[in-house]
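To be precise, the following lines are start36.cif, and they hold mmCIF, C-alpha atoms.
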data_start
loop_
_atom_site.label_atom_id
_atom_site.label_comp_id
_atom_site.auth_asym_id
_atom_site.auth_seq_id
_atom_site.Cartn_x
_atom_site.Cartn_y
_atom_site.Cartn_z
CA MET Z 292 -36.74 177.95 112.00
CA ASN Z 293 -33.55 176.24 113.18
CA ASN Z 294 -33.80 177.93 116.59
CA ASN Z 295 -37.34 176.66 117.16
CA SER Z 296 -37.27 173.38 115.25
CA SER Z 297 -36.95 171.26 118.38
CA THR Z 298 -40.21 172.60 119.86
CA LEU Z 299 -42.47 172.52 116.79
CA ILE Z 300 -45.45 170.21 117.26
CA ARG Z 301 -47.08 170.99 113.90
CA LEU Z 302 -45.39 171.85 110.62
CA GLN Z 303 -47.67 172.82 107.73
CA LEU Z 304 -45.97 173.68 104.44
CA SER Z 305 -48.86 173.02 102.09
CA GLY Z 306 -48.70 175.08 98.91
CA CYS Z 307 -45.04 176.04 99.38
CA ASN Z 308 -43.99 173.97 96.35
CA LEU Z 309 -40.84 172.68 98.01
CA ASP Z 310 -38.22 171.02 95.79
CA SER Z 311 -36.04 167.99 96.61
CA LYS Z 312 -33.36 170.10 98.34
CA ASP Z 313 -36.01 171.68 100.56
CA VAL Z 314 -37.36 168.24 101.39
CA ASN Z 315 -33.88 167.17 102.47
CA ARG Z 316 -33.70 170.17 104.81
CA ILE Z 317 -37.10 169.25 106.26
CA ALA Z 318 -35.80 165.73 106.86
CA ARG Z 319 -32.88 167.12 108.87
CA LEU Z 320 -35.25 169.34 110.84
CA ILE Z 321 -37.47 166.36 111.70
CA LYS Z 322 -34.48 164.43 112.96
CA LYS Z 323 -33.69 167.23 115.44
CA ASN Z 324 -37.27 167.40 116.63
CA LYS Z 325 -38.76 164.94 119.15
CA VAL Z 326 -42.23 166.42 119.73
CA MET Z 327 -43.76 167.04 116.29
CA HIS Z 328 -47.04 165.17 115.73
CA SER Z 329 -48.27 166.68 112.43
CA LEU Z 330 -46.49 167.21 109.09
CA ASP Z 331 -48.08 168.60 105.93
CA LEU Z 332 -45.88 168.68 102.82
CA SER Z 333 -48.66 168.61 100.22
CA THR Z 334 -47.68 170.07 96.80
CA SER Z 335 -43.99 169.48 97.50
CA ALA Z 336 -41.96 167.78 94.77
CA LEU Z 337 -41.03 164.27 95.86
CA ASP Z 338 -39.20 163.49 92.63
CA SER Z 339 -35.91 162.21 94.00
CA ALA Z 340 -35.71 158.74 95.54
CA ARG Z 341 -32.58 159.73 97.46
CA GLU Z 342 -34.10 162.83 99.07
CA THR Z 343 -37.36 161.00 99.70
CA ARG Z 344 -35.56 158.19 101.51
CA ALA Z 345 -33.99 160.78 103.81
CA LEU Z 346 -37.43 162.17 104.59
CA SER Z 347 -38.86 158.68 104.96
CA ASN Z 348 -36.16 157.62 107.43
CA ALA Z 349 -36.71 160.77 109.48
CA ILE Z 350 -40.45 160.12 109.67
CA LYS Z 351 -39.98 156.46 110.53
CA SER Z 352 -37.63 157.15 113.43
CA HIS Z 353 -39.66 160.04 114.86
CA PRO Z 354 -41.19 159.13 118.25
CA GLU Z 355 -44.35 161.28 118.05
CA LEU Z 356 -45.23 161.96 114.39
CA LYS Z 357 -48.77 160.64 113.84
CA PHE Z 358 -50.19 162.73 110.96
CA VAL Z 359 -48.52 163.02 107.53
CA ASN Z 360 -50.00 164.69 104.45
CA LEU Z 361 -48.17 164.02 101.17
CA SER Z 362 -50.97 164.93 98.77
CA ASN Z 363 -50.16 166.17 95.28
CA THR Z 364 -46.45 165.40 95.60
CA GLY Z 365 -46.06 163.32 92.42
CA LEU Z 366 -45.94 159.97 94.18
CA GLY Z 367 -47.67 158.32 91.24
CA ASP Z 368 -44.85 159.28 88.87
CA ASP Z 369 -42.03 157.17 90.28
CA LYS Z 370 -42.45 153.74 91.86
CA SER Z 371 -39.16 154.02 93.75
CA VAL Z 372 -40.24 157.30 95.39
CA LEU Z 373 -43.58 155.88 96.50
CA LYS Z 374 -41.87 152.76 97.82
CA ALA Z 375 -39.50 154.94 99.85
CA VAL Z 376 -42.41 156.91 101.29
CA LEU Z 377 -44.41 153.84 102.29
CA SER Z 378 -41.42 152.31 104.05
CA GLY Z 379 -41.20 155.35 106.32
CA VAL Z 380 -44.85 156.02 107.21
CA CYS Z 381 -45.41 152.60 108.78
CA ASN Z 382 -45.85 154.11 112.26
CA VAL Z 383 -48.09 157.02 111.21
CA GLU Z 384 -51.74 156.89 112.31
CA SER Z 385 -53.22 159.33 109.77
CA LEU Z 386 -51.87 159.21 106.21
CA ILE Z 387 -53.12 161.53 103.46
CA LEU Z 388 -52.02 160.65 99.90
CA GLU Z 389 -54.55 162.49 97.76
CA GLU Z 390 -54.10 163.77 94.18
CA ASN Z 391 -51.12 161.60 93.28
CA GLN Z 392 -52.69 159.80 90.29
CA LEU Z 393 -51.57 156.30 91.18
CA GLY Z 394 -50.92 153.94 88.27
CA ASP Z 395 -51.13 150.15 88.46
CA ASP Z 396 -47.67 149.85 90.05
CA GLY Z 397 -48.44 152.56 92.59
CA LEU Z 398 -51.77 151.03 93.50
CA ALA Z 399 -50.09 147.64 93.97
CA LEU Z 400 -47.62 149.21 96.41
CA ILE Z 401 -50.47 150.90 98.31
CA ALA Z 402 -52.34 147.59 98.44
CA ASP Z 403 -49.29 145.79 99.89
CA PHE Z 404 -48.90 148.57 102.45
CA ILE Z 405 -52.55 148.24 103.52
CA LYS Z 406 -52.25 144.47 103.88
CA SER Z 407 -49.14 144.59 106.05
CA ASN Z 408 -49.69 147.73 108.13
CA ASP Z 409 -51.40 147.52 111.52
CA VAL Z 410 -50.91 151.11 112.70
CA VAL Z 411 -52.63 153.44 110.20
CA THR Z 412 -56.23 154.15 111.21
CA VAL Z 413 -56.99 157.00 108.78
CA LEU Z 414 -56.13 156.69 105.08
CA SER Z 415 -57.12 159.08 102.31
CA LEU Z 416 -56.60 158.06 98.67
CA ALA Z 417 -59.08 160.51 97.17
CA ASP Z 418 -58.60 161.90 93.66
CA ASN Z 419 -55.97 159.35 92.62
CA GLY Z 420 -57.52 158.09 89.39
CA ILE Z 421 -58.64 154.81 90.95
CA GLU Z 422 -61.39 153.75 88.57
CA GLY Z 423 -62.64 150.62 86.91
CA LYS Z 424 -63.52 147.31 88.52
CA LYS Z 425 -60.00 145.82 88.37
CA LYS Z 426 -58.30 148.67 90.25
CA CYS Z 427 -61.09 148.84 92.80
CA GLU Z 428 -60.85 145.09 93.41
CA VAL Z 429 -57.13 145.46 94.16
CA LEU Z 430 -57.93 148.06 96.81
CA ALA Z 431 -60.95 146.21 98.19
CA ASN Z 432 -59.02 142.94 98.51
CA ALA Z 433 -56.26 144.76 100.38
CA MET Z 434 -58.81 146.21 102.79
CA LYS Z 435 -60.05 142.70 103.56
CA LYS Z 436 -56.59 141.93 104.98
CA ASN Z 437 -56.51 145.03 107.17
CA ASN Z 438 -58.06 145.19 110.65
CA THR Z 439 -57.00 148.67 111.77
CA ILE Z 440 -58.11 151.25 109.16
CA GLN Z 441 -61.16 152.98 110.59
CA GLU Z 442 -61.50 155.87 108.13
CA LEU Z 443 -61.06 155.48 104.38
CA SER Z 444 -61.47 158.21 101.78
CA ILE Z 445 -61.64 157.11 98.13
CA GLY Z 446 -63.78 159.91 96.71
CA SER Z 447 -63.37 162.36 93.82
CA GLN Z 448 -62.79 159.66 91.21
CA LYS Z 449 -64.80 157.28 89.04
CA ILE Z 450 -64.70 154.62 91.70
CA ASP Z 451 -66.47 151.29 91.16
CA ILE Z 452 -67.88 150.76 94.61
CA ARG Z 453 -69.18 147.22 94.00
CA PRO Z 454 -66.03 145.42 95.24
CA PHE Z 455 -66.32 147.33 98.54
CA LEU Z 456 -70.01 146.61 98.88
CA ALA Z 457 -69.75 142.91 98.09
CA SER Z 458 -68.34 141.70 101.40
CA LYS Z 459 -68.93 142.55 105.01
CA LYS Z 460 -65.34 141.57 105.79
CA VAL Z 461 -64.14 144.76 104.11
CA THR Z 462 -65.60 146.76 106.98
CA ASP Z 463 -64.55 144.76 110.03
CA ALA Z 464 -62.89 147.90 111.44
CA LEU Z 465 -64.09 150.58 109.00
CA ALA Z 466 -66.29 153.19 110.69
CA HIS Z 467 -66.08 156.01 108.14
CA LEU Z 468 -66.24 155.71 104.34
CA ASP Z 469 -65.83 158.83 102.19
CA LEU Z 470 -67.11 158.61 98.60
CA GLY Z 471 -67.66 162.35 98.23
CA GLY Z 472 -67.42 163.69 94.70
CA SER Z 473 -67.40 160.24 93.12
CA ASN Z 474 -69.11 159.38 89.85
CA LEU Z 475 -71.08 156.25 90.78
CA ARG Z 476 -73.51 154.40 88.56
CA SER Z 477 -77.22 155.09 89.06
CA ALA Z 478 -77.73 151.86 91.02
CA GLY Z 479 -75.18 153.02 93.56
CA SER Z 480 -77.77 154.30 96.03
CA LYS Z 481 -79.40 150.88 96.44
CA GLN Z 482 -76.01 149.21 96.78
CA ILE Z 483 -74.95 151.70 99.43
CA THR Z 484 -78.09 151.30 101.52
CA ALA Z 485 -77.85 147.49 101.39
CA PHE Z 486 -74.21 147.84 102.43
CA LEU Z 487 -75.20 149.99 105.41
CA LYS Z 488 -77.76 147.46 106.57
CA LYS Z 489 -75.29 144.59 106.80
CA ASN Z 490 -72.33 146.59 108.12
CA PRO Z 491 -73.15 148.02 111.56
CA PRO Z 492 -69.51 149.08 112.24
CA LEU Z 493 -69.94 151.79 109.59
CA SER Z 494 -71.19 154.87 111.44
CA SER Z 495 -70.30 157.62 108.94
CA LEU Z 496 -70.80 157.77 105.17
CA ASN Z 497 -70.00 160.72 102.92
CA VAL Z 498 -71.75 160.73 99.54
CA SER Z 499 -71.71 164.51 99.05
CA VAL Z 500 -71.81 165.68 95.43
CA VAL Z 501 -72.10 162.07 94.26
CA ASP Z 502 -73.61 161.38 90.85
CA ILE Z 503 -76.19 158.76 91.83
CA GLU Z 504 -79.94 158.85 91.50
CA ASP Z 505 -82.53 158.79 94.27
CA ILE Z 506 -80.03 158.60 97.14
CA VAL Z 507 -82.32 160.45 99.57
CA PHE Z 508 -85.35 158.36 98.63
CA VAL Z 509 -83.51 155.07 99.01
CA LEU Z 510 -81.82 156.05 102.29
CA TYR Z 511 -85.18 157.12 103.70
CA ASN Z 512 -86.90 153.90 102.74
CA HIS Z 513 -84.16 151.42 103.58
CA LEU Z 514 -82.55 152.77 106.76
CA PRO Z 515 -84.28 152.53 110.13
CA LEU Z 516 -85.55 155.79 111.54
CA MET Z 517 -83.52 157.18 114.44
#
Could you render the structure as structure tokens?
Amino acid sequence: MNNNSSTLIRLQLSGCNLDSKDVNRIARLIKKNKVMHSLDLSTSALDSARETRALSNAIKSHPELKFVNLSNTGLGDDKSVLKAVLSGVCNVESLILEENQLGDDGLALIADFIKSNDVVTVLSLADNGIEGKKKCEVLANAMKKNNTIQELSIGSQKIDIRPFLASKKVTDALAHLDLGGSNLRSAGSKQITAFLKKNPPLSSLNVSVVDIEDIVFVLYNHLPLM
């Protein structure tokens, strides 16, 4: 890999279960490379703040890296590791942080990142244990401060969608909302269709495998025919 590292434009190491030493080597590789635009390290072990900072610094200084996937890397286990990651992905356009089981501290860091970042346009936080009205309000309030995120995935968890549906301001830029696999209350279908009516920027909605009643009936009766 060393011989070709400078010409790699996509590096996908998903499922390789890299440890902290491997992550440090990847950081060094990224520093040598000036053309990479996609990095997938999902399932790697980001359990060392020191090694993670090295990776974070390499990502931050890279001139072309626009897609980073750090799903299922244990980011929810250590606040210092997540903080290091978020400091380095500030210039990334597509950020995937699924399956990290964010606690209250982790969610607070994500919320601060959303409020202050004006580069990320695609953000996936699916399957992170974000459930209950309080946690969802933290995320929804952060989204109100963001004008650049166009695609948001928050599915595969017991999400309380009401804070997102309560205000049009949440979707000033949002064009795609992914709630797939979520366990929504039975009234969710009516809330979603009302949300669609007052939010014309939203052009794509994923409610696949969602536990809500009468979604097809309500969509049919409340949305204008194409």
Item to complete: With a distance cut-off of 9 Å and only C-alpha atoms, select the neighbouring residues of Z:Val410, excluding the residue or stretch itself and same-chain residues fewer than 3 positions from it, and output the selection as a ChimeraX atom specification.
Response: /Z:381-384,439-440
Selection above as a file: C-alpha atoms, as a PDB file, in the frame of the given file:
ATOM      1  CA  CYS Z 381     -45.410 152.600 108.780  1.00  0.00           C
ATOM      2  CA  ASN Z 382     -45.850 154.110 112.260  1.00  0.00           C
ATOM      3  CA  VAL Z 383     -48.090 157.020 111.210  1.00  0.00           C
ATOM      4  CA  GLU Z 384     -51.740 156.890 112.310  1.00  0.00           C
ATOM      5  CA  THR Z 439     -57.000 148.670 111.770  1.00  0.00           C
ATOM      6  CA  ILE Z 440     -58.110 151.250 109.160  1.00  0.00           C
TER       7      ILE Z 440
END
Discussion item. Could you list, as a ChimeraX atom specification, every residue matched by the PyMOL selection byres ((chain Z and resi 315-322) around 12) in this structure?
Written reply: /Z:292-304,309-314,323-332,335-356,379
Item to complete: State, in Å with one decimal place, the distance from atom CA of Z:Lys426 to atom CA of Z:Ile483.
Response: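 Computing the Euclidean distance for atom CA of Z:Lys426 and atom CA of Z:Ile483 yields 19.3 Å.
Here the question is which of Z:Ser407, Z:Asn360, Z:Ser495, Z:Thr334 gets nearest to Z:Leu468 using only C-alpha atoms, and that residue is Z:Ser495.
Once the PyMOL selection byres ((chain Z and resi 392) around 6) is applied to this file, the selection holds Gly367, Glu390, Asn391, Leu393, Asn419 and Gly420 of chain Z.
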Please report, as JSON, the centre and edge lengths in Å to one decimal of an axis-aligned box covering all listed atoms of stretch 319-322 of chain Z with 5 Å per side.
{"center_x": -35.2, "center_y": 166.9, "center_z": 110.9, "size_x": 14.6, "size_y": 14.9, "size_z": 14.1}
For the file shown, what are the residues hit by the PyMOL selection byres ((chain Z and resi 446-453) around 6), laid out as a compact mmCIF listing (two decimals) with C-alpha atoms, in the frame of the given file?
# COMPACT_ATOMS: atom_id res chain seq x y z
CA ALA Z 417 -59.08 160.51 97.17
CA ASP Z 418 -58.60 161.90 93.66
CA GLY Z 420 -57.52 158.09 89.39
CA GLU Z 422 -61.39 153.75 88.57
CA GLY Z 423 -62.64 150.62 86.91
CA LYS Z 424 -63.52 147.31 88.52
CA SER Z 444 -61.47 158.21 101.78
CA ILE Z 445 -61.64 157.11 98.13
CA PRO Z 454 -66.03 145.42 95.24
CA PHE Z 455 -66.32 147.33 98.54
CA LEU Z 456 -70.01 146.61 98.88
CA ALA Z 457 -69.75 142.91 98.09
CA ASP Z 469 -65.83 158.83 102.19
CA LEU Z 470 -67.11 158.61 98.60
CA GLY Z 471 -67.66 162.35 98.23
CA GLY Z 472 -67.42 163.69 94.70
CA SER Z 473 -67.40 160.24 93.12
CA ASN Z 474 -69.11 159.38 89.85
If we count only C-alpha atoms, what is near Z:Lys406 at a cut-off of 6 Å, once residues fewer than 3 positions away on the same chain are taken out, given as a short mmCIF file (atom, residue, chain, number, x, y, z; two decimals) with C-alpha atoms, in the coordinates of the input?
data_model
loop_
_atom_site.label_atom_id
_atom_site.label_comp_id
_atom_site.auth_asym_id
_atom_site.auth_seq_id
_atom_site.Cartn_x
_atom_site.Cartn_y
_atom_site.Cartn_z
CA ASP Z 403 -49.29 145.79 99.89
CA ALA Z 433 -56.26 144.76 100.38
CA LYS Z 436 -56.59 141.93 104.98
CA ASN Z 437 -56.51 145.03 107.17
#
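Between atom CA of Z:Ile387 and atom CA of Z:Phe486 the interatomic distance comes to 25.2 Å.
Between atom CA of Z:Ser362 and atom CA of Z:Ser415 there is a distance of 9.2 Å.
The nearest approach to Z:Leu465 among the residues Z:Gln482, Z:Lys488, Z:Cys307, Z:Met434, with only C-alpha atoms taken into account, belongs to Z:Met434.
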